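Student: Before we start, here is the structure in question, set down as structure tokens.
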Amino acid sequence: MKILVIGGGGREHAIVRKIKESPKAEKIYCAPGNGGISRDADCVDIPVTDIDGVVRFAKENRIDLVFVAPDDPLAAGMVDALESAGIRAFGPRANAAVIESSKVFSKDLMKRYHIPTAGYEVFDDPHRVLDYIRQNDRYPIVIKADGLALGKGVIIAADYNEARDAVRTIMEDKVFGASGNRVVVEEFITGPEVSVLAFTDGKCIRPMVSSKDHKRALDGDKGLNTGGMGTISPNPYYSEEMAQLCMKTIFLPTMEAMNREGRTFKGCLYFGLMLTKDGPKVIEYNARFGDPETQVVLPRLKTDFVEILEAVMDERLESQPIEWSRETSACVVMASGGYPGKYAKGIEITGLDENGQLAGATVYHAGTLFKDHKFYTNGGRVLGVTALGNTLDEALEKTYASVEKICFDGAHYRRDIGK
């Protein structure tokens, strides 16, 4: 098969490397890809949002399967366009991807079908939001932009002043563009967070192994929220009993709710959960593989990845065996100095071999450029260094030993992932 992966980050590198293990994958392309991905696939200079360009390339090169990984092209209908052109694609159609692209839709869906989530209200007028927050007078409070916002459209306000600033930032300054036309104001809930990705073909849902993401930039969960500074799998808080409860109260009801809405979801459905004292609740849905969760989940997959993708597209997931390694995996993200704020690009990376790898770990490239046989930084999150072990401590020991061998000026990473 000729397979095209859409995207250019660490998640896509993990997807490309897992596809590469399949004997079914004869040729792999990635659009646009990055420096590290270029060592594992042919990179094609097409932006992820160029739907016409992707369809044209897929037709001209007789691509057998397109894997649409990022949120923007899914929300914009790339899968719909590919299928209309007779090209098989993995990922939800736009009318199902709305479960991520509109927080208002997803919260209303959960309310309608009694799927446990935090209490909330929706507003499209900044004055009405602030009146509500003032009258409610309970903090902290969570304020979310309705649409896609690069994973940064959620602000937790500790008091009224912070809430007012958040509303101004989202709704008046429009830092997230039209995504901030409406906001969801949500009660603040607490408990361990769990990420569960699940394959679903609309008839059957098969959760993958669990993971735990570390969002804050600095050790001790301090600093700004980021796209993710590291992950571990499995999540130590997610027991077998909890998994069964989530299947019954969240996973199956979500799949069935989408079917009843006429929005059958086929692809990877991501559940961001919080295990509260009142039971598990949904914080958010994503319509795709998470980043950097994919970098710890896919290394534990033992079954041929391409066979699973085909089973999802053909709606025969129920009969597809899926086997997972019992090992633990850990990923530490090496980021550019200043991330998630301003940072420099084009800094040389040393310590990697000519394929951008390192013995004892797998290095997933998130923001790199390969030029003149050297790797350079080209993004905020630069590398995701991942290792497997029989225990969490062993996986972390291998990961951090590898991180210490890689250098670039300004590099920063958390030293407490998995702790």
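Residues in the structure tokens are named by chain (A, B, ... in the order shown) and by number from 1 within that chain; ligands are numbered from 1 in the order shown.
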Please provide the set of residues having any atom within 7 Å of Leu369 (chain A), restricted to only C-alpha atoms, with same-chain residues fewer than 2 positions apart removed, written as a list in words.

Tutor: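 My reading of the contact set: Asn34, Gly35, Lys371, Phe375, Tyr376, Thr377 and Asn378 of chain A.
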
Student: Per residue of region 34-98 of chain A within 12 Å of region 5-15 of chain A, record the nearest atom pair and its distance in Å to one decimal, counting only C-alpha atoms, with rows in chain order and ascending residue number, as JSON lines.

Tutor:
{"residue": "A:Asn34", "atom": "CA", "partner": "A:Gly8", "partner_atom": "CA", "distance": 5.5}
{"residue": "A:Gly35", "atom": "CA", "partner": "A:Gly8", "partner_atom": "CA", "distance": 9.2}
{"residue": "A:Gly36", "atom": "CA", "partner": "A:His13", "partner_atom": "CA", "distance": 7.4}
{"residue": "A:Ile37", "atom": "CA", "partner": "A:His13", "partner_atom": "CA", "distance": 5.5}
{"residue": "A:Ser38", "atom": "CA", "partner": "A:His13", "partner_atom": "CA", "distance": 9.3}
{"residue": "A:Arg39", "atom": "CA", "partner": "A:His13", "partner_atom": "CA", "distance": 10.0}
{"residue": "A:Asp40", "atom": "CA", "partner": "A:His13", "partner_atom": "CA", "distance": 8.3}
{"residue": "A:Ala41", "atom": "CA", "partner": "A:His13", "partner_atom": "CA", "distance": 9.2}
{"residue": "A:Asp42", "atom": "CA", "partner": "A:Val5", "partner_atom": "CA", "distance": 10.2}
{"residue": "A:Cys43", "atom": "CA", "partner": "A:Gly8", "partner_atom": "CA", "distance": 9.2}
{"residue": "A:Val44", "atom": "CA", "partner": "A:Ile6", "partner_atom": "CA", "distance": 9.6}
{"residue": "A:Asp45", "atom": "CA", "partner": "A:Gly8", "partner_atom": "CA", "distance": 10.3}
{"residue": "A:Ile46", "atom": "CA", "partner": "A:Ile6", "partner_atom": "CA", "distance": 8.9}
{"residue": "A:Pro47", "atom": "CA", "partner": "A:Gly7", "partner_atom": "CA", "distance": 8.1}
{"residue": "A:Val48", "atom": "CA", "partner": "A:Gly7", "partner_atom": "CA", "distance": 5.9}
{"residue": "A:Thr49", "atom": "CA", "partner": "A:Ile6", "partner_atom": "CA", "distance": 9.3}
{"residue": "A:Asp50", "atom": "CA", "partner": "A:Ile6", "partner_atom": "CA", "distance": 10.3}
{"residue": "A:Ile51", "atom": "CA", "partner": "A:Ile6", "partner_atom": "CA", "distance": 10.4}
{"residue": "A:Gly53", "atom": "CA", "partner": "A:Ile6", "partner_atom": "CA", "distance": 11.5}
{"residue": "A:Val54", "atom": "CA", "partner": "A:Ile6", "partner_atom": "CA", "distance": 8.5}
{"residue": "A:Val55", "atom": "CA", "partner": "A:Ile6", "partner_atom": "CA", "distance": 11.4}
{"residue": "A:Phe57", "atom": "CA", "partner": "A:Ile6", "partner_atom": "CA", "distance": 11.7}
{"residue": "A:Ala58", "atom": "CA", "partner": "A:Val5", "partner_atom": "CA", "distance": 10.7}
{"residue": "A:Ile63", "atom": "CA", "partner": "A:Val5", "partner_atom": "CA", "distance": 10.5}
{"residue": "A:Asp64", "atom": "CA", "partner": "A:Val5", "partner_atom": "CA", "distance": 11.3}
{"residue": "A:Leu65", "atom": "CA", "partner": "A:Val5", "partner_atom": "CA", "distance": 8.5}
{"residue": "A:Val66", "atom": "CA", "partner": "A:Val5", "partner_atom": "CA", "distance": 5.8}
{"residue": "A:Phe67", "atom": "CA", "partner": "A:Val5", "partner_atom": "CA", "distance": 4.7}
{"residue": "A:Val68", "atom": "CA", "partner": "A:Ile6", "partner_atom": "CA", "distance": 5.0}
{"residue": "A:Ala69", "atom": "CA", "partner": "A:Ile6", "partner_atom": "CA", "distance": 5.8}
{"residue": "A:Pro70", "atom": "CA", "partner": "A:Gly7", "partner_atom": "CA", "distance": 6.1}
{"residue": "A:Asp71", "atom": "CA", "partner": "A:Gly7", "partner_atom": "CA", "distance": 9.7}
{"residue": "A:Asp72", "atom": "CA", "partner": "A:Gly7", "partner_atom": "CA", "distance": 10.1}
{"residue": "A:Pro73", "atom": "CA", "partner": "A:Ile6", "partner_atom": "CA", "distance": 8.7}
{"residue": "A:Leu74", "atom": "CA", "partner": "A:Ile6", "partner_atom": "CA", "distance": 10.2}
{"residue": "A:Met78", "atom": "CA", "partner": "A:Ile6", "partner_atom": "CA", "distance": 10.0}
{"residue": "A:Val79", "atom": "CA", "partner": "A:Ile6", "partner_atom": "CA", "distance": 10.9}
{"residue": "A:Ala89", "atom": "CA", "partner": "A:Val5", "partner_atom": "CA", "distance": 9.8}
{"residue": "A:Phe90", "atom": "CA", "partner": "A:Val5", "partner_atom": "CA", "distance": 9.6}
{"residue": "A:Gly91", "atom": "CA", "partner": "A:Ile6", "partner_atom": "CA", "distance": 10.8}

Student: Using only C-alpha atoms, which protein or nucleic acid residues come within 7 Å of Phe123 (chain A)? Drop anything in the same chain fewer than 4 positions from it, and give the result as a list in words.

Tutor: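 Surrounding residues, per the criterion: Val129, Arg182, Val183 and Val184 of chain A.
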
Student: Can you list, as a PyMOL selection string, every residue of region 33-213 of chain A that DSSP puts in helix (DSSP H, G or I)?

Tutor: chain A and resi 37-39+51-60+71-75+78-84+94-101+103-112+126-136+160-172+177-180

Student: Rounded to one decimal in Å, what is the spacing between CA of Arg216 (chain A) and CA of Phe199 (chain A)?

Tutor: 27.6 Å

Student: Which neighbours of region 392-405 of chain A fall inside 6 Å, counting only C-alpha atoms, when residues of the same chain fewer than 6 positions from it are skipped, and could you give them as number ranges by chain?

Tutor: A: 328-330, 351, 386

Student: Check the smallest atom-to-atom distance from each of A:Leu82, A:Ala335, A:Met255, A:Cys204 to Ala287 (chain A) using only C-alpha atoms, then report the winner.

Tutor: A:Met255

Student: Quick one: residues within 8 Å of Ser211 (chain A), only C-alpha atoms, excluding same-chain residues fewer than 3 positions away - as an mmCIF file with all heavy atoms, in the first residue's frame?

Tutor:
data_model
loop_
_atom_site.group_PDB
_atom_site.id
_atom_site.type_symbol
_atom_site.label_atom_id
_atom_site.label_comp_id
_atom_site.auth_asym_id
_atom_site.auth_seq_id
_atom_site.Cartn_x
_atom_site.Cartn_y
_atom_site.Cartn_z
ATOM 1 N N VAL A 194 -6.833 11.518 33.174
ATOM 2 C CA VAL A 194 -6.498 10.332 32.374
ATOM 3 C C VAL A 194 -6.820 10.614 30.916
ATOM 4 O O VAL A 194 -7.863 11.207 30.618
ATOM 5 C CB VAL A 194 -7.317 9.088 32.824
ATOM 6 C CG1 VAL A 194 -6.929 7.862 32.018
ATOM 7 C CG2 VAL A 194 -7.142 8.819 34.307
ATOM 8 N N SER A 195 -5.929 10.206 30.031
ATOM 9 C CA SER A 195 -6.212 10.268 28.591
ATOM 10 C C SER A 195 -6.446 8.851 28.089
ATOM 11 O O SER A 195 -5.615 7.971 28.326
ATOM 12 C CB SER A 195 -5.029 10.866 27.823
ATOM 13 O OG SER A 195 -4.730 12.152 28.287
ATOM 14 N N VAL A 196 -7.566 8.633 27.420
ATOM 15 C CA VAL A 196 -7.837 7.334 26.793
ATOM 16 C C VAL A 196 -8.188 7.578 25.330
ATOM 17 O O VAL A 196 -9.168 8.249 25.016
ATOM 18 C CB VAL A 196 -8.982 6.565 27.495
ATOM 19 C CG1 VAL A 196 -9.216 5.225 26.797
ATOM 20 C CG2 VAL A 196 -8.658 6.333 28.968
ATOM 21 N N THR A 231 4.639 12.394 28.774
ATOM 22 C CA THR A 231 3.533 11.459 29.038
ATOM 23 C C THR A 231 4.087 10.134 29.537
ATOM 24 O O THR A 231 5.236 9.783 29.273
ATOM 25 C CB THR A 231 2.719 11.127 27.761
ATOM 26 O OG1 THR A 231 3.575 11.206 26.633
ATOM 27 C CG2 THR A 231 1.567 12.018 27.552
ATOM 28 N N ILE A 232 3.209 9.388 30.218
ATOM 29 C CA ILE A 232 3.521 8.008 30.600
ATOM 30 C C ILE A 232 2.315 7.135 30.258
ATOM 31 O O ILE A 232 1.193 7.624 30.163
ATOM 32 C CB ILE A 232 3.852 7.871 32.104
ATOM 33 C CG1 ILE A 232 2.686 8.398 32.978
ATOM 34 C CG2 ILE A 232 5.159 8.584 32.444
ATOM 35 C CD1 ILE A 232 2.788 8.049 34.443
ATOM 36 N N SER A 233 2.579 5.847 30.055
ATOM 37 C CA SER A 233 1.508 4.869 29.822
ATOM 38 C C SER A 233 1.938 3.540 30.432
ATOM 39 O O SER A 233 3.081 3.126 30.222
ATOM 40 C CB SER A 233 1.253 4.693 28.324
ATOM 41 O OG SER A 233 0.306 3.670 28.093
ATOM 42 N N PRO A 234 1.087 2.863 31.214
ATOM 43 C CA PRO A 234 -0.309 3.217 31.512
ATOM 44 C C PRO A 234 -0.394 4.314 32.569
ATOM 45 O O PRO A 234 0.579 4.628 33.242
ATOM 46 C CB PRO A 234 -0.878 1.906 32.048
ATOM 47 C CG PRO A 234 0.291 1.233 32.704
ATOM 48 C CD PRO A 234 1.472 1.581 31.847
ATOM 49 N N ASN A 235 -1.616 4.883 32.702
ATOM 50 C CA ASN A 235 -1.880 5.853 33.748
ATOM 51 C C ASN A 235 -2.085 5.098 35.061
ATOM 52 O O ASN A 235 -2.957 4.237 35.146
ATOM 53 C CB ASN A 235 -3.141 6.651 33.400
ATOM 54 C CG ASN A 235 -3.388 7.804 34.341
ATOM 55 O OD1 ASN A 235 -3.378 7.659 35.558
ATOM 56 N ND2 ASN A 235 -3.627 8.977 33.778
ATOM 57 N N GLU A 293 0.383 12.043 23.723
ATOM 58 C CA GLU A 293 -0.056 10.710 24.183
ATOM 59 C C GLU A 293 0.268 9.609 23.180
ATOM 60 O O GLU A 293 0.628 8.486 23.559
ATOM 61 C CB GLU A 293 -1.569 10.707 24.468
ATOM 62 C CG GLU A 293 -1.980 11.532 25.664
ATOM 63 C CD GLU A 293 -2.360 12.958 25.315
ATOM 64 O OE1 GLU A 293 -2.011 13.432 24.210
ATOM 65 O OE2 GLU A 293 -3.002 13.600 26.154
ATOM 66 N N VAL A 296 3.480 7.583 23.537
ATOM 67 C CA VAL A 296 3.649 6.499 24.519
ATOM 68 C C VAL A 296 2.672 5.356 24.298
ATOM 69 O O VAL A 296 2.910 4.234 24.748
ATOM 70 C CB VAL A 296 3.521 6.999 25.984
ATOM 71 C CG1 VAL A 296 4.737 7.803 26.386
ATOM 72 C CG2 VAL A 296 2.246 7.772 26.236
ATOM 73 N N VAL A 297 1.563 5.639 23.609
ATOM 74 C CA VAL A 297 0.549 4.594 23.374
ATOM 75 C C VAL A 297 0.963 3.683 22.209
ATOM 76 O O VAL A 297 0.981 2.450 22.343
ATOM 77 C CB VAL A 297 -0.838 5.236 23.128
ATOM 78 C CG1 VAL A 297 -1.839 4.207 22.619
ATOM 79 C CG2 VAL A 297 -1.348 5.877 24.423
#
